[in-house]
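**Student:** Let me give you the structure first, and then I'll get to my questions.
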There are 2 protein chains.
Amino acid sequence: MKKLLNKPEDFVRESLEGVALAHSDTVKAHFEPNFLYRADAPVSSKVAIISGGGSGHEPMHIGFVGKGMLDAACPGEVFTSPTPDQILEAAKLVHRGKGVLSIVKNYSGDVMNFQMAGELLSSEEFRFINVLIDDDVGVKGGLSTQGRRGVGTTVFAEKICGAAAEDGYSLDDLVTLCRRVNLSGRSMGVALSSCTVPASGVPTFELGDSEMEVGIGIHGEQGRERMPMMNADSITELLSLSITEDPAYKRSLPEWDEGTCTWIDRKVTSQPFKPGDRVLAFVNGMGGTPLAELYVVYRKLFEICREKGLEIVRSLVGNYITSLEMQGCFITLLKTDDELTRLWDLPVKTPSLRWGI
Amino acid sequence: MKKLLNKPEDFVRESLEGVALAHSDTVKAHFEPNFLYRADAPVSSKVAIISGGGSGHEPMHIGFVGKGMLDAACPGEVFTSPTPDQILEAAKLVHRGKGVLSIVKNYSGDVMNFQMAGELLSSEEFRFINVLIDDDVGVKGGLSTQGRRGVGTTVFAEKICGAAAEDGYSLDDLVTLCRRVNLSGRSMGVALSSCTVPASGVPTFELGDSEMEVGIGIHGEQGRERMPMMNADSITELLSLSITEDPAYKRSLPEWDEGTCTWIDRKVTSQPFKPGDRVLAFVNGMGGTPLAELYVVYRKLFEICREKGLEIVRSLVGNYITSLEMQGCFITLLKTDDELTRLWDLPVKTPSLRWGI
């Protein structure tokens, strides 16, 4: 294991310190418990938006804290969910009476700990609503999973809801919006190499010199299939078609119930893509793949979308949800409309996503 | 070699196509010869700024084309200088009668080919001036080198001069400014792993499991010393002190002579850093190093600068000058003043660096 690292147990804290020092006009760090929050927090007259998850996926989420996106982000240890007290303290600090929208990726630890924070926080004076992101079509169907994992759509949800909050949306409208964004997005990834969690020091999984893992999760979860290595166009086709040909999908654990502070099953269906749809397209690197390769993928994705009658109206290409130094990529397509595209375009100023400010 | 790649010989063109498709509101691609240029080029009433170099370092330079930065960038094959005809055609397309500033990193092929383009282009009606960047203190002294290589200061030079051109600076003022930026910056890097050029398919150099190459060049050029792997703080200290303790340095091949269209030796001296200096700080990832690790480095760099009496007034942390999937980082410090900081802050809209627009 060769990393720019001191003691593995200090990695998350030291990285958080670095972010706060490098972007002191935008964010501040809080330690014990660890979270990053807007330098101008709490922001009056707006709903607060928080997120969080295991570290090792930077810039997600700590790189997305700032005006027009998140009010706070809670980083767990590497590939480990944040604890309820991190979420609790972050939410309290950024709340200003309008409620908190909490964007949660569908991983069992995250789901459990954000639920616990919700139970502890929720009151008539302090509304706290979790919304799940579960967009990863790479998850094999079956009883062994808790449904699809949350990946690329998370970035769209955080940007679009962040802009809407800044624009004055109420908590209820933001919850509706965030659920709609989630139901509009689908993602699929491939890993060309493994990654090494600092505290373990050994690769998370083994992958042969001529193999790739198709449908990989962002923590190295097993995908749909281990296949022989292919060229970029074939890989892009494989990922894109998994997304565009994914049928209507019923979520099994979709919605937070404010009354009982639990997740309840509403059987909400995500509709498949169809010709004429306008989409936001996202080619995400997993940390160890050069940007130039991601643009080779984007080139083919653009061609496939055109053939399928999908119009890419905005794009994002780069390393935004990483798995440490893993080589590989994720593709995300999200069906958009005038409202979502307008919110995507609104100004944002965070350490890792910035425009218009 | 596992890469998101089709035929190696198509890599640069396909990546360029992807950039142009993903950022069609900002840039356009030209093929045969290959270059990327501003979608609104040529831009009236301003000096045009171009750059270029081998591919494999993305986002540099093609990710820096757009309003407030470069008018065009010429990507050579991977780790190979652009040819004179690329530079020639790009310069002709973006020129609008105010002259062209060409920012050239000090590598023998680049120096030669930009010189050739200058010879072919220069006339009274078409002023074309090359300015060298040679900021890498990692180069060992001695007769075998052609002086220091150009690295991190290139990003500062392109942003600052790009803003100044937008702001109405004349060609002569831009040349003076660009030379001043170059003389104000110093960089030093370390590699933890090698990288593989697609066309060769084998690692550029070998590095043992517990070794690092200190003073590495961005094409894998041998550095000052091969050392046992250290922790992040020690590596940061090693790189930072090489920069802050670098003495006054006399450039041996510094300036373009417009009359003769050649490089002439003016023996310009770069002054060392001293307590009280304000600096721009840049922690650059080489492609395969996770962002979270770069922030661990920034945290220590901040501490060292404070101890040395250097005030970091702006920072940049991320993968901006890469060497394909190499693991490692470069640190750049650049002495700044009110003029340079103001120009750094002005709006920019390129595929990979954007703010204020």
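The way I read the labels, and the way they are meant: chains A, B, ... in the order of the structure tokens, residue 1 as the first residue of every chain, and ligand 1 as the first ligand shown, with later ones counted on from there.
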From the DSSP assignment of the backbone, select every residue of range 103-282 of chain A that is alpha helix (DSSP H), and format the answer as a ChimeraX atom specification.

**Tutor:** /A:108-121,153-166,171-184,232-244

**Student:** Kindly assemble as CSV a list of the range 219-238 of chain A residues that lie within 12 Å of range 267-287 of chain A, each paired with its nearest atom pair and their distance in Å to one decimal, using only C-alpha atoms, sorted first by chain and then by ascending residue number.

**Tutor:**
```
residue,atom,partner,partner_atom,distance
A:His219,CA,A:Met286,CA,10.4
A:Gly220,CA,A:Met286,CA,10.7
A:Thr236,CA,A:Val283,CA,9.9
```

**Student:** So how many Å separate CA of Ile321 in chain B and CA of Asp25 in chain A, to one decimal?

**Tutor:**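 Spanning CA of Ile321 in chain B to CA of Asp25 in chain A is a straight-line distance of 24.7 Å.
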
**Student:** Hey, could you make a per-residue contact list for chain A against chain B with 6 Å as the cut-off, showing the nearest pair of atoms and its distance in Å to one decimal, counting only C-alpha atoms, sorted by chain and number, as a tab-separated table?

**Tutor:**
```
residue	atom	partner	partner_atom	distance
A:Leu4	CA	B:Ala232	CA	4.5
A:Leu5	CA	B:Ala232	CA	4.6
A:Asn6	CA	B:Asn231	CA	5.0
A:Glu14	CA	B:Val296	CA	5.4
A:Ser15	CA	B:Val296	CA	4.6
A:Gly18	CA	B:Arg299	CA	4.3
A:Val19	CA	B:Tyr295	CA	5.9
A:Ala22	CA	B:Ser315	CA	5.9
A:Asn231	CA	B:Asn6	CA	5.0
A:Ala232	CA	B:Leu4	CA	4.5
A:Gly287	CA	B:Pro290	CA	5.6
A:Gly288	CA	B:Gly288	CA	4.2
A:Pro290	CA	B:Leu324	CA	5.5
A:Ala292	CA	B:Ser15	CA	5.5
A:Glu293	CA	B:Leu4	CA	5.4
A:Tyr295	CA	B:Gly18	CA	4.6
A:Val296	CA	B:Ser15	CA	4.6
A:Tyr298	CA	B:Gly18	CA	5.5
A:Arg299	CA	B:Gly18	CA	4.3
A:Ser315	CA	B:Ala22	CA	5.9
A:Leu324	CA	B:Pro290	CA	5.5
A:Glu325	CA	B:Pro290	CA	5.6
A:Trp355	CA	B:Trp355	CA	5.0
A:Gly356	CA	B:Ile357	CA	4.2
A:Ile357	CA	B:Gly356	CA	4.1
```

**Student:** Separation of CA of Lys250 in chain B and CA of Phe79 in chain B, in Å?

**Tutor:**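 Computing the Euclidean distance for CA of Lys250 in chain B and CA of Phe79 in chain B yields 27.1 Å.
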
**Student:** Please report as CSV every residue of range 166-242 of chain A lying within 8 Å of range 35-47 of chain A, along with the nearest atom pair and their distance in Å (one decimal), using only C-alpha atoms.

**Tutor:**
```
residue,atom,partner,partner_atom,distance
A:Glu166,CA,A:Lys46,CA,6.4
A:Gly168,CA,A:Lys46,CA,6.1
A:Tyr169,CA,A:Val47,CA,7.6
A:Ser170,CA,A:Val47,CA,6.7
A:Leu171,CA,A:Val47,CA,6.1
```

**Student:** Only all heavy atoms, please: the residues just picked out, written as an mmCIF file, in the first residue's frame.

**Tutor:**
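Wrote it out as selection.cif, contents follow:
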```cif
data_model
loop_
_atom_site.group_PDB
_atom_site.id
_atom_site.type_symbol
_atom_site.label_atom_id
_atom_site.label_comp_id
_atom_site.auth_asym_id
_atom_site.auth_seq_id
_atom_site.Cartn_x
_atom_site.Cartn_y
_atom_site.Cartn_z
ATOM 1 N N GLU A 166 -31.898 27.061 -1.913
ATOM 2 C CA GLU A 166 -31.425 28.445 -2.033
ATOM 3 C C GLU A 166 -32.506 29.313 -2.683
ATOM 4 O O GLU A 166 -32.632 30.504 -2.398
ATOM 5 C CB GLU A 166 -30.160 28.440 -2.920
ATOM 6 C CG GLU A 166 -29.129 29.482 -2.586
ATOM 7 C CD GLU A 166 -28.338 29.160 -1.327
ATOM 8 O OE1 GLU A 166 -27.898 28.010 -1.171
ATOM 9 O OE2 GLU A 166 -28.194 30.073 -0.497
ATOM 10 N N GLY A 168 -35.646 28.989 -2.296
ATOM 11 C CA GLY A 168 -36.794 29.214 -1.431
ATOM 12 C C GLY A 168 -37.807 28.076 -1.352
ATOM 13 O O GLY A 168 -38.883 28.251 -0.768
ATOM 14 N N TYR A 169 -37.520 26.922 -1.928
ATOM 15 C CA TYR A 169 -38.438 25.778 -1.825
ATOM 16 C C TYR A 169 -38.676 25.421 -0.353
ATOM 17 O O TYR A 169 -37.760 25.494 0.468
ATOM 18 C CB TYR A 169 -37.836 24.545 -2.515
ATOM 19 C CG TYR A 169 -37.987 24.467 -4.023
ATOM 20 C CD1 TYR A 169 -37.684 25.558 -4.840
ATOM 21 C CD2 TYR A 169 -38.395 23.287 -4.643
ATOM 22 C CE1 TYR A 169 -37.794 25.466 -6.226
ATOM 23 C CE2 TYR A 169 -38.501 23.184 -6.028
ATOM 24 C CZ TYR A 169 -38.202 24.277 -6.808
ATOM 25 O OH TYR A 169 -38.296 24.173 -8.171
ATOM 26 N N SER A 170 -39.884 24.989 -0.054
ATOM 27 C CA SER A 170 -40.204 24.511 1.300
ATOM 28 C C SER A 170 -39.656 23.108 1.485
ATOM 29 O O SER A 170 -39.302 22.428 0.506
ATOM 30 C CB SER A 170 -41.724 24.485 1.484
ATOM 31 O OG SER A 170 -42.260 23.431 0.691
ATOM 32 N N LEU A 171 -39.623 22.642 2.734
ATOM 33 C CA LEU A 171 -39.138 21.290 3.000
ATOM 34 C C LEU A 171 -39.983 20.254 2.257
ATOM 35 O O LEU A 171 -39.444 19.329 1.635
ATOM 36 C CB LEU A 171 -39.143 21.002 4.515
ATOM 37 C CG LEU A 171 -38.686 19.589 4.910
ATOM 38 C CD1 LEU A 171 -37.279 19.278 4.423
ATOM 39 C CD2 LEU A 171 -38.761 19.411 6.430
#
```

**Student:** Between B:Ala72, B:Val137, B:Ala48, B:Val104, which has the minimum distance to Thr26 in chain B (counting only C-alpha atoms)?

**Tutor:**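 Of the candidates, the smallest distance to Thr26 in chain B is held by B:Ala72.
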
**Student:** Write out as number ranges by chain the set of residues from range 14-53 of chain B that DSSP, computed on the backbone, places in strand (DSSP E).

**Tutor:** B: 27-30, 35-38, 48-53
